[in-house]
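As provided, run-v9.pdb (PDB, C-alpha atoms and all ligand atoms) reads as follows.
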```pdb
MODEL        1
ATOM      1  CA  MET A 153       5.511  20.787   1.071
ATOM      2  CA  ARG A 154       6.257  21.431  -2.561
ATOM      3  CA  VAL A 155       3.126  20.441  -4.382
ATOM      4  CA  ALA A 156       0.870  22.752  -6.317
ATOM      5  CA  THR A 157      -1.576  23.024  -3.468
ATOM      6  CA  ALA A 158      -4.541  24.540  -5.293
ATOM      7  CA  ALA A 159      -4.392  22.065  -8.143
ATOM      8  CA  PHE A 160      -3.861  19.232  -5.732
ATOM      9  CA  ILE A 161      -6.910  20.168  -3.673
ATOM     10  CA  SER A 162      -9.232  20.651  -6.627
ATOM     11  CA  GLY A 163      -8.068  17.325  -8.012
ATOM     12  CA  LEU A 164      -8.741  15.637  -4.729
ATOM     13  CA  LEU A 165     -12.192  17.125  -4.437
ATOM     14  CA  THR A 166     -13.288  15.301  -7.538
ATOM     15  CA  VAL A 167     -11.753  11.976  -6.613
ATOM     16  CA  ALA A 168     -11.917  12.014  -2.835
ATOM     17  CA  SER A 169     -13.272   8.501  -2.712
ATOM     18  CA  ALA A 170     -10.912   7.044  -5.298
ATOM     19  CA  HIS A 171      -8.916   3.922  -4.597
ATOM     20  CA  PHE A 172      -6.101   1.776  -5.922
ATOM     21  CA  GLN A 173      -5.986  -1.861  -6.973
ATOM     22  CA  LEU A 174      -2.929  -4.041  -6.527
ATOM     23  CA  GLN A 175      -2.442  -6.153  -9.658
ATOM     24  CA  TYR A 176       0.873  -7.925  -9.140
ATOM     25  CA  PRO A 177       1.767  -9.707  -6.977
ATOM     26  CA  PRO A 178      -1.897 -10.766  -6.682
ATOM     27  CA  PRO A 179      -3.641  -9.517  -3.537
ATOM     28  CA  ARG A 180      -5.113 -11.726  -0.821
ATOM     29  CA  GLY A 181      -8.521 -11.628  -2.424
ATOM     30  CA  VAL A 182     -10.704  -9.675  -4.787
ATOM     31  CA  PHE A 183     -10.619  -5.938  -4.257
ATOM     32  CA  VAL A 184     -13.158  -4.746  -1.677
ATOM     33  CA  GLU A 185     -13.554  -1.008  -2.059
ATOM     34  CA  ASP A 186     -15.232  -0.367   1.299
ATOM     35  CA  LYS A 187     -12.556  -2.294   3.200
ATOM     36  CA  GLU A 188      -9.509  -0.772   1.561
ATOM     37  CA  PRO A 189      -9.025   1.785   4.365
ATOM     38  CA  THR A 190      -8.482  -1.152   6.738
ATOM     39  CA  PHE A 191      -5.724  -3.684   7.323
ATOM     40  CA  CYS A 192      -5.053  -5.768   4.201
ATOM     41  CA  ASP A 193      -8.248  -4.541   2.477
ATOM     42  CA  GLY A 194     -10.249  -6.388   5.119
ATOM     43  CA  TYR A 195      -8.597  -9.778   4.570
ATOM     44  CA  ALA A 196      -7.557 -10.973   8.019
ATOM     45  CA  THR A 197      -5.706 -14.158   7.132
ATOM     46  CA  ALA A 198      -2.940 -15.177   4.759
ATOM     47  CA  VAL A 199      -3.807 -17.273   1.715
ATOM     48  CA  SER A 200      -2.366 -20.784   1.417
ATOM     49  CA  ASN A 201      -1.516 -20.464  -2.292
ATOM     50  CA  ARG A 202       1.266 -17.894  -2.003
ATOM     51  CA  THR A 203       2.856 -16.218  -4.996
ATOM     52  CA  VAL A 204       6.470 -17.280  -5.498
ATOM     53  CA  PHE A 205       8.219 -13.938  -5.773
ATOM     54  CA  PRO A 206      11.815 -12.925  -6.550
ATOM     55  CA  THR A 207      13.816 -12.042  -3.425
ATOM     56  CA  ASN A 208      15.612  -9.512  -5.610
ATOM     57  CA  GLY A 209      14.449  -7.956  -8.849
ATOM     58  CA  GLY A 210      10.677  -8.163  -8.473
ATOM     59  CA  ILE A 211       7.977  -5.786  -9.626
ATOM     60  CA  VAL A 212       4.860  -4.331  -8.056
ATOM     61  CA  SER A 213       2.063  -3.373 -10.436
ATOM     62  CA  LEU A 214      -1.054  -1.436  -9.502
ATOM     63  CA  HIS A 215      -3.881   0.669 -10.849
ATOM     64  CA  SER A 216      -4.245   4.154  -9.367
ATOM     65  CA  GLU A 217      -7.530   6.031  -9.419
ATOM     66  CA  HIS A 218      -5.910   9.099  -7.879
ATOM     67  CA  VAL A 219      -3.849  11.601  -9.854
ATOM     68  CA  HIS A 220      -1.399  12.455  -7.055
ATOM     69  CA  TRP A 221      -0.416   9.723  -4.666
ATOM     70  CA  THR A 222       2.156   8.305  -2.322
ATOM     71  CA  LEU A 223       3.040   4.644  -2.049
ATOM     72  CA  GLY A 224       5.090   2.567   0.347
ATOM     73  CA  GLY A 225       5.365  -1.111   1.180
ATOM     74  CA  ILE A 226       5.947  -2.860   4.486
ATOM     75  CA  ILE A 227       6.659  -6.526   5.055
ATOM     76  CA  ALA A 228       5.782  -9.131   7.653
ATOM     77  CA  THR A 229       7.944 -12.205   7.994
ATOM     78  CA  VAL A 230       5.514 -14.192  10.126
ATOM     79  CA  GLN A 231       3.380 -16.914   8.546
ATOM     80  CA  ASN A 232       0.018 -15.269   9.177
ATOM     81  CA  PRO A 233       0.240 -11.567  10.015
ATOM     82  CA  THR A 234      -3.008 -10.338  11.499
ATOM     83  CA  SER A 235      -2.104  -6.843  12.641
ATOM     84  CA  PHE A 236       0.071  -3.885  11.760
ATOM     85  CA  ASP A 237       2.248  -4.910  14.704
ATOM     86  CA  ASN A 238       3.298  -7.967  12.711
ATOM     87  CA  PHE A 239       4.803  -5.661  10.059
ATOM     88  CA  SER A 240       7.049  -3.910  12.550
ATOM     89  CA  SER A 241      10.086  -4.636  14.612
ATOM     90  CA  GLY A 242      11.368  -2.614  17.531
ATOM     91  CA  GLY A 243       8.586  -0.073  17.059
ATOM     92  CA  GLN A 244       9.457   0.605  13.412
ATOM     93  CA  PHE A 245       7.721  -0.615  10.300
ATOM     94  CA  GLN A 246       9.785  -2.942   8.140
ATOM     95  CA  PHE A 247       9.875  -1.110   4.819
ATOM     96  CA  VAL A 248      10.741  -2.962   1.632
ATOM     97  CA  MET A 249       9.388  -0.143  -0.525
ATOM     98  CA  PRO A 250      10.320   3.223   0.957
ATOM     99  CA  PHE A 251       7.621   5.855   0.484
ATOM    100  CA  PHE A 252       7.659   7.774  -2.767
ATOM    101  CA  GLN A 253       5.284  10.208  -4.421
ATOM    102  CA  THR A 254       4.274  10.299  -8.054
ATOM    103  CA  SER A 255       1.410  11.373 -10.270
ATOM    104  CA  GLY A 256      -0.905   9.961 -12.883
ATOM    105  CA  GLU A 257      -4.028   7.844 -13.039
ATOM    106  CA  GLY A 258      -4.005   4.326 -14.417
ATOM    107  CA  ASP A 259      -1.545   1.443 -14.391
ATOM    108  CA  PHE A 260       1.880   1.730 -12.763
ATOM    109  CA  CYS A 261       4.655  -0.777 -12.321
ATOM    110  CA  PHE A 262       7.712  -0.369 -10.113
ATOM    111  CA  PRO A 263      10.880  -2.418  -9.726
ATOM    112  CA  VAL A 264      11.370  -3.642  -6.161
ATOM    113  CA  ASP A 265      14.298  -5.242  -4.419
ATOM    114  CA  PHE A 266      13.084  -6.637  -1.125
ATOM    115  CA  GLY A 267      16.358  -8.436  -0.412
ATOM    116  CA  ALA A 268      18.308  -5.164  -0.458
ATOM    117  CA  GLN A 269      16.334  -3.544   2.359
ATOM    118  CA  ASN A 270      18.106  -5.390   5.188
ATOM    119  CA  VAL A 271      14.925  -6.627   6.852
ATOM    120  CA  THR A 272      15.657  -9.623   9.048
ATOM    121  CA  GLY A 273      14.011 -12.754   7.670
ATOM    122  CA  VAL A 274      13.559 -11.458   4.126
ATOM    123  CA  LYS A 275      15.432 -14.187   2.292
ATOM    124  CA  ASN A 276      15.167 -17.149  -0.035
ATOM    125  CA  GLY A 277      12.380 -19.540   1.020
ATOM    126  CA  ALA A 278      10.728 -17.168   3.477
ATOM    127  CA  ASN A 279       6.965 -16.803   3.638
ATOM    128  CA  VAL A 280       6.278 -13.087   3.843
ATOM    129  CA  THR A 281       3.379 -10.696   3.392
ATOM    130  CA  LEU A 282       3.720  -7.425   1.531
ATOM    131  CA  GLN A 283       1.328  -4.673   2.611
ATOM    132  CA  LEU A 284       1.056  -1.647   0.361
ATOM    133  CA  ILE A 285       0.185   1.688   1.914
ATOM    134  CA  TYR A 286      -1.316   4.083  -0.630
ATOM    135  CA  ASP A 287      -2.373   7.645   0.058
ATOM    136  CA  GLY A 288      -4.025   9.852  -2.542
ATOM    137  CA  GLY A 289      -4.634  12.578   0.021
ATOM    138  CA  ASP A 290      -7.893  11.350   1.506
ATOM    139  CA  GLY A 291      -6.644   8.663   3.841
ATOM    140  CA  GLN A 292      -4.485   5.565   3.750
ATOM    141  CA  LEU A 293      -5.529   2.505   1.767
ATOM    142  CA  TYR A 294      -4.098  -0.980   2.207
ATOM    143  CA  GLN A 295      -3.736  -4.151   0.181
ATOM    144  CA  CYS A 296      -1.703  -7.264   0.969
ATOM    145  CA  ALA A 297      -0.035 -10.031  -1.008
ATOM    146  CA  ASP A 298       1.184 -13.284   0.544
ATOM    147  CA  LEU A 299       4.479 -14.417  -0.951
ATOM    148  CA  THR A 300       7.138 -17.071  -0.797
ATOM    149  CA  LEU A 301      10.462 -15.463  -1.649
ATOM    150  CA  SER A 302      12.753 -17.269  -4.036
ATOM    151  CA  ASP A 303      16.235 -16.351  -5.231
ATOM    152  CA  SER A 304      15.609 -18.245  -8.461
ATOM    153  CA  ALA A 305      12.119 -16.928  -9.204
ATOM    154  CA  SER A 306      11.388 -14.347 -11.851
ATOM    155  CA  VAL A 307       8.268 -12.412 -12.685
ATOM    156  CA  PRO A 308       6.203 -14.311 -15.280
ATOM    157  CA  GLN A 309       6.311 -12.809 -18.771
ATOM    158  CA  SER A 310       2.521 -12.717 -18.770
ATOM    159  CA  VAL A 311       2.458 -10.060 -16.047
ATOM    160  CA  SER A 312       1.709  -6.654 -17.516
ATOM    161  CA  CYS A 313       4.169  -3.966 -16.436
ATOM    162  CA  THR A 314       3.426  -0.511 -17.814
ATOM    163  CA  ASN A 315       3.213   3.075 -16.617
ATOM    164  CA  SER A 316       0.295   5.271 -17.578
ATOM    165  CA  THR A 317       2.496   8.348 -17.414
ATOM    166  CA  ASN A 318       6.216   8.930 -17.387
ATOM    167  CA  ALA A 319       6.020  10.991 -14.208
ATOM    168  CA  ALA A 320       9.072  10.708 -12.018
ATOM    169  CA  THR A 321       8.954   9.365  -8.488
ATOM    170  CA  THR A 322      10.083  11.492  -5.579
ATOM    171  CA  PRO A 323      11.252   9.774  -2.430
ATOM    172  CA  PHE A 324       9.382  10.680   0.712
ATOM    173  CA  SER A 325      11.408  10.751   3.843
ATOM    174  CA  THR A 326       9.203   9.677   6.668
ATOM    175  CA  SER A 327       9.305   8.007   9.997
ATOM    176  CA  VAL A 328       6.284   5.894  10.653
ATOM    177  CA  ASN A 329       5.311   4.348  13.907
ATOM    178  CA  PRO A 330       2.673   1.686  14.240
ATOM    179  CA  ASP A 331      -0.305   2.685  16.287
ATOM    180  CA  PRO A 332      -0.253   0.333  19.283
ATOM    181  CA  THR A 333      -4.046   0.392  19.366
ATOM    182  CA  SER A 334      -4.385  -0.836  15.801
ATOM    183  CA  THR A 335      -5.998  -4.192  15.421
ATOM    184  CA  SER A 336      -6.977  -6.623  12.784
ATOM    185  CA  PRO A 337     -10.114  -5.906  10.768
ATOM    186  CA  SER A 338     -13.119  -5.909  13.011
ATOM    187  CA  GLY A 339     -15.904  -5.508  10.507
ATOM    188  CA  THR A 340     -17.148  -2.476  12.406
ATOM    189  CA  SER A 341     -17.532  -0.402   9.284
ATOM    190  CA  SER A 342     -20.541   1.832   9.713
ATOM    191  CA  SER A 343     -19.977   4.109   6.785
ATOM    192  CA  THR A 344     -22.983   5.520   5.085
ATOM    193  CA  SER A 345     -23.267   6.136   1.388
ATOM    194  CA  THR A 346     -22.863   9.898   1.530
ATOM    195  CA  ALA A 347     -20.805  10.843  -1.460
ATOM    196  CA  THR A 348     -18.917  13.561   0.367
ATOM    197  CA  SER A 349     -17.854  11.511   3.351
ATOM    198  CA  THR A 350     -14.102  11.363   3.723
ATOM    199  CA  THR A 351     -14.015   9.543   7.007
ATOM    200  CA  ASN A 352     -12.332   6.210   6.967
ATOM    201  CA  ALA A 353     -11.375   3.566   9.415
ATOM    202  CA  ALA A 354      -7.634   3.644   8.846
ATOM    203  CA  PRO A 355      -6.226   2.346  12.120
ATOM    204  CA  MET A 356      -2.890   4.022  11.596
ATOM    205  CA  ASN A 357      -1.958   7.504  10.568
ATOM    206  CA  VAL A 358       0.998   7.329   8.253
ATOM    207  CA  ALA A 359       2.772  10.640   8.171
ATOM    208  CA  VAL A 360       3.652  10.824   4.510
ATOM    209  CA  GLY A 361       4.179  14.538   4.427
ATOM    210  CA  PHE A 362       0.862  15.825   3.228
ATOM    211  CA  SER A 363      -1.330  14.679   6.074
ATOM    212  CA  GLY A 364      -1.851  18.354   6.834
ATOM    213  CA  LEU A 365      -3.131  18.911   3.333
ATOM    214  CA  ALA A 366      -5.370  15.868   3.598
ATOM    215  CA  GLY A 367      -6.812  17.381   6.756
ATOM    216  CA  ILE A 368      -7.537  20.622   4.941
ATOM    217  CA  VAL A 369      -9.207  18.760   2.104
ATOM    218  CA  GLY A 370     -11.278  16.806   4.584
ATOM    219  CA  ALA A 371     -12.448  20.019   6.172
ATOM    220  CA  ILE A 372     -13.355  21.507   2.801
ATOM    221  CA  VAL A 373     -15.245  18.436   1.712
ATOM    222  CA  ALA A 374     -17.117  18.376   5.008
ATOM    223  CA  LEU A 375     -18.455  21.844   4.220
ATOM    224  CA  LEU A 376     -19.948  20.823   0.882
TER     225      LEU A 376
HETATM  226  C1  LIG A 401       4.960 -21.360   3.691
HETATM  227  O1  LIG A 401       3.545 -21.354   3.624
HETATM  228  C2  LIG A 401       2.997 -22.539   3.069
HETATM  229  C3  LIG A 401       1.501 -22.359   3.037
HETATM  230  O2  LIG A 401       1.165 -21.120   2.507
HETATM  231  C4  LIG A 401       3.379 -23.727   3.919
HETATM  232  O3  LIG A 401       2.916 -24.909   3.312
HETATM  233  C5  LIG A 401       4.896 -23.797   4.050
HETATM  234  O4  LIG A 401       5.250 -24.824   4.971
HETATM  235  C6  LIG A 401       5.439 -22.483   4.580
HETATM  236  N1  LIG A 401       6.899 -22.513   4.572
HETATM  237  C7  LIG A 401       7.611 -22.118   5.588
HETATM  238  C8  LIG A 401       9.100 -22.130   5.401
HETATM  239  O5  LIG A 401       7.094 -21.763   6.652
HETATM  240  C1  LIG A 402      -5.253 -18.595  -5.000
HETATM  241  O1  LIG A 402      -6.483 -19.258  -5.153
HETATM  242  C2  LIG A 402      -7.564 -18.366  -5.420
HETATM  243  C3  LIG A 402      -8.843 -19.185  -5.389
HETATM  244  O2  LIG A 402      -8.746 -20.271  -6.266
HETATM  245  C4  LIG A 402      -7.325 -17.684  -6.762
HETATM  246  O3  LIG A 402      -8.399 -16.790  -7.026
HETATM  247  C5  LIG A 402      -6.032 -16.919  -6.690
HETATM  248  O4  LIG A 402      -5.749 -16.359  -7.944
HETATM  249  C6  LIG A 402      -4.887 -17.835  -6.270
HETATM  250  N1  LIG A 402      -3.719 -17.012  -6.004
HETATM  251  C7  LIG A 402      -2.536 -17.345  -6.476
HETATM  252  C8  LIG A 402      -1.414 -16.413  -6.100
HETATM  253  O5  LIG A 402      -2.338 -18.339  -7.166
HETATM  254  C1  LIG A 403       1.025 -10.393  15.500
HETATM  255  O1  LIG A 403       0.631  -9.253  16.256
HETATM  256  C2  LIG A 403      -0.204  -9.578  17.369
HETATM  257  C3  LIG A 403      -0.516  -8.284  18.075
HETATM  258  O2  LIG A 403      -1.176  -7.415  17.270
HETATM  259  C4  LIG A 403       0.497 -10.495  18.342
HETATM  260  O3  LIG A 403      -0.406 -10.858  19.350
HETATM  261  C5  LIG A 403       0.972 -11.726  17.593
HETATM  262  O4  LIG A 403       1.753 -12.513  18.469
HETATM  263  C6  LIG A 403       1.821 -11.347  16.389
HETATM  264  N1  LIG A 403       2.154 -12.558  15.647
HETATM  265  C7  LIG A 403       3.388 -12.972  15.532
HETATM  266  C8  LIG A 403       3.563 -14.263  14.801
HETATM  267  O5  LIG A 403       4.336 -12.346  15.972
HETATM  268  C1  LIG A 404      21.801  -2.573   3.801
HETATM  269  O1  LIG A 404      23.037  -2.879   4.390
HETATM  270  C2  LIG A 404      24.162  -2.576   3.524
HETATM  271  C3  LIG A 404      25.418  -3.064   4.192
HETATM  272  O2  LIG A 404      25.447  -2.658   5.528
HETATM  273  C4  LIG A 404      24.176  -1.082   3.249
HETATM  274  O3  LIG A 404      25.227  -0.778   2.368
HETATM  275  C5  LIG A 404      22.864  -0.667   2.629
HETATM  276  O4  LIG A 404      22.831   0.751   2.455
HETATM  277  C6  LIG A 404      21.697  -1.083   3.483
HETATM  278  N1  LIG A 404      20.458  -0.821   2.765
HETATM  279  C7  LIG A 404      19.450  -0.169   3.316
HETATM  280  C8  LIG A 404      18.245   0.022   2.454
HETATM  281  O5  LIG A 404      19.443   0.242   4.470
HETATM  282  C1  LIG A 405       7.454   3.398 -14.082
HETATM  283  O1  LIG A 405       7.974   4.579 -13.496
HETATM  284  C2  LIG A 405       8.861   4.325 -12.414
HETATM  285  C3  LIG A 405       9.250   5.659 -11.824
HETATM  286  O2  LIG A 405       9.779   6.514 -12.774
HETATM  287  C4  LIG A 405      10.067   3.559 -12.908
HETATM  288  O3  LIG A 405      10.915   3.251 -11.815
HETATM  289  C5  LIG A 405       9.597   2.274 -13.544
HETATM  290  O4  LIG A 405      10.697   1.592 -14.083
HETATM  291  C6  LIG A 405       8.584   2.565 -14.634
HETATM  292  N1  LIG A 405       8.043   1.308 -15.109
HETATM  293  C7  LIG A 405       8.067   0.965 -16.389
HETATM  294  C8  LIG A 405       7.430  -0.326 -16.716
HETATM  295  O5  LIG A 405       8.585   1.684 -17.235
ENDMDL
END
```

How does the structure come out when it is put into structure tokens?
Amino acid sequence: MRVATAAFISGLLTVASAHFQLQYPPPRGVFVEDKEPTFCDGYATAVSNRTVFPTNGGIVSLHSEHVHWTLGGIIATVQNPTSFDNFSSGGQFQFVMPFFQTSGEGDFCFPVDFGAQNVTGVKNGANVTLQLIYDGGDGQLYQCADLTLSDSASVPQSVSCTNSTNAATTPFSTSVNPDPTSTSPSGTSSSTSTATSTTNAAPMNVAVGFSGLAGIVGAIVALL
């Protein structure tokens, strides 16, 4: 791990319950903060009004409330994915946005090329669902966007695409395996409103490289 651990931890302590909001392509529904640690931010079913999205040469825009974070994107090629299983094939997640780490709070916008990732079924005309996996060090957060891929589509000019900082992105090499026990959102959230709670209901532990650090931070926060 090559992050400035002390700075990272103190940063996390002040924002341990921070989140992220997907802005483009539009998510399944309005952001639900309490559900973001669960599959598709708590939205169990695909929308019928899908965003027509470029097979190649798209963008993903989001707002980050964390200063240091890791982002990846997985894709489901079934019409109505209801579980993490539906985003995997042969025991491996289908990545269209390989994990990377960057820093900065605010708006970020990344070029994506889903068609270049060699995922079976990711092609012109396909109905797919993108699920973003975001980790600011205090647990994984998820948001989904239901898309119809189109070779002739382009991102509308009206979509804002800016970066709050010019921080570089660093690829994260990771192997991620779906948790076979993960299920669709069950609405079993029993979280209380304690400000220091870092527990979340993430059904899958994505090993993005600093899970050990996240564990340390969790332990520290629990002592407060
Ligand atoms: C894609 O989904 C829409 C509804 O969201 C549906 O009307 C259409 O038939 C689907 N297309 C394919 C190729 O499955
Ligand atoms: C789908 O419809 C909902 C409800 O009208 C709307 O809020 C949302 O923006 C629409 N999504 C897209 C991608 O058009
Ligand atoms: C989605 O995953 C569930 C298991 O979690 C499975 O039962 C279902 O068949 C999958 N859907 C498709 C379309 O593969
Ligand atoms: C996709 O397949 C092509 C041709 O085999 C290969 O050159 C490319 O590196 C692959 N891309 C990824 C992301 O695996
Ligand atoms: C934002 O930063 C990323 C990573 O450096 C870069 O790939 C992307 O093009 C930038 N976006 C804009 C709108 O400049």

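The residue that comes closest to Thr203 (chain A), out of A:Gln309, A:Ser255, A:Ser241, A:Ser302 and on the basis of all atoms listed in the file, is A:Ser302.
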
Item to complete: Set the cut-off to 10 Å, count all atoms listed in the file, and list whatever residues fall near ligand LIG 401 (chain A) as a PyMOL selection string.
Response: chain A and resi 198-203+229-232+276-280+298-301

Go ahead and fit an axis-aligned box to every listed atom of ligand LIG 405 (chain A) plus 3 Å each side, and pass me the centre and edge lengths in Å, one decimal, as JSON.
```
{"center_x": 9.2, "center_y": 3.1, "center_z": -14.5, "size_x": 9.5, "size_y": 12.8, "size_z": 11.4}
```

Practice prompt. Please provide as a ChimeraX atom specification all residues within 12 Å of Ser213 (chain A), with the sequence filter that same-chain residues fewer than 6 positions apart are discarded (counting only C-alpha atoms).
Written response: /A:172-179,223,258-264,284,297,307,311-316

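Atom to atom, atom O3 of ligand LIG 405 (chain A) and CA of Phe191 (chain A) stand 26.3 Å apart.
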
Worksheet, complete the sentence: In Å and to one decimal, atom O3 of ligand LIG 402 (chain A) is distant from CA of Gly181 (chain A) by 6.9 Å

Discussion item. Please identify all protein, DNA and RNA residues within 6 Å of ligand LIG 403 (chain A), counting all atoms listed in the file, and report them as a ChimeraX atom specification.
Written reply: /A:230,233-235,237-238

If I only have part of region 291-311 of chain A, can you fill in N, CA, C and O atoms and write it as a short mmCIF file (atom, residue, chain, number, x, y, z; two decimals), in the frame of the given file?
```cif
data_model
loop_
_atom_site.label_atom_id
_atom_site.label_comp_id
_atom_site.auth_asym_id
_atom_site.auth_seq_id
_atom_site.Cartn_x
_atom_site.Cartn_y
_atom_site.Cartn_z
N GLY A 291 -6.72 9.76 2.89
CA GLY A 291 -6.64 8.66 3.84
C GLY A 291 -5.85 7.50 3.28
O GLY A 291 -5.72 7.35 2.06
N GLN A 292 -5.30 6.69 4.18
CA GLN A 292 -4.49 5.56 3.75
C GLN A 292 -5.35 4.39 3.31
O GLN A 292 -6.38 4.11 3.91
N LEU A 293 -4.87 3.71 2.27
CA LEU A 293 -5.53 2.50 1.77
C LEU A 293 -4.51 1.37 1.79
O LEU A 293 -3.32 1.60 1.58
N TYR A 294 -5.01 0.15 2.00
CA TYR A 294 -4.10 -0.98 2.21
C TYR A 294 -4.51 -2.19 1.37
O TYR A 294 -5.69 -2.55 1.31
N GLN A 295 -3.51 -2.83 0.77
CA GLN A 295 -3.74 -4.15 0.18
C GLN A 295 -2.52 -5.03 0.47
O GLN A 295 -1.39 -4.53 0.54
N CYS A 296 -2.76 -6.32 0.60
CA CYS A 296 -1.70 -7.26 0.97
C CYS A 296 -1.54 -8.36 -0.07
O CYS A 296 -2.51 -8.76 -0.72
N ALA A 297 -0.31 -8.86 -0.18
CA ALA A 297 -0.04 -10.03 -1.01
C ALA A 297 0.83 -10.99 -0.20
O ALA A 297 1.84 -10.57 0.39
N ASP A 298 0.42 -12.25 -0.17
CA ASP A 298 1.18 -13.28 0.54
C ASP A 298 2.14 -13.95 -0.44
O ASP A 298 1.74 -14.42 -1.50
N LEU A 299 3.42 -13.99 -0.04
CA LEU A 299 4.48 -14.42 -0.95
C LEU A 299 5.35 -15.49 -0.33
O LEU A 299 5.46 -15.59 0.90
N THR A 300 5.97 -16.28 -1.19
CA THR A 300 7.14 -17.07 -0.80
C THR A 300 8.31 -16.54 -1.62
O THR A 300 8.24 -16.54 -2.86
N LEU A 301 9.33 -16.04 -0.93
CA LEU A 301 10.46 -15.46 -1.65
C LEU A 301 11.36 -16.56 -2.21
O LEU A 301 11.56 -17.60 -1.58
N SER A 302 11.87 -16.30 -3.40
CA SER A 302 12.75 -17.27 -4.04
C SER A 302 13.86 -16.54 -4.80
O SER A 302 13.59 -15.65 -5.60
N ASP A 303 15.10 -16.96 -4.53
CA ASP A 303 16.24 -16.35 -5.23
C ASP A 303 16.23 -16.71 -6.71
O ASP A 303 16.84 -16.00 -7.52
N SER A 304 15.57 -17.82 -7.06
CA SER A 304 15.61 -18.24 -8.46
C SER A 304 14.33 -17.89 -9.21
O SER A 304 14.21 -18.17 -10.40
N ALA A 305 13.38 -17.27 -8.54
CA ALA A 305 12.12 -16.93 -9.20
C ALA A 305 12.30 -15.69 -10.07
O ALA A 305 13.17 -14.85 -9.83
N SER A 306 11.46 -15.59 -11.09
CA SER A 306 11.39 -14.35 -11.85
C SER A 306 9.92 -14.04 -12.09
O SER A 306 9.06 -14.92 -11.96
N VAL A 307 9.65 -12.81 -12.44
CA VAL A 307 8.27 -12.41 -12.68
C VAL A 307 7.81 -13.01 -14.01
O VAL A 307 8.51 -12.87 -15.02
N PRO A 308 6.67 -13.70 -14.03
CA PRO A 308 6.20 -14.31 -15.28
C PRO A 308 6.05 -13.27 -16.39
O PRO A 308 5.64 -12.14 -16.14
N GLN A 309 6.40 -13.70 -17.61
CA GLN A 309 6.31 -12.81 -18.77
C GLN A 309 4.89 -12.31 -18.98
O GLN A 309 4.68 -11.24 -19.56
N SER A 310 3.93 -13.07 -18.53
CA SER A 310 2.52 -12.72 -18.77
C SER A 310 2.06 -11.54 -17.92
O SER A 310 1.00 -10.97 -18.17
N VAL A 311 2.86 -11.17 -16.92
CA VAL A 311 2.46 -10.06 -16.05
C VAL A 311 2.68 -8.73 -16.77
O VAL A 311 3.79 -8.43 -17.21
#
```
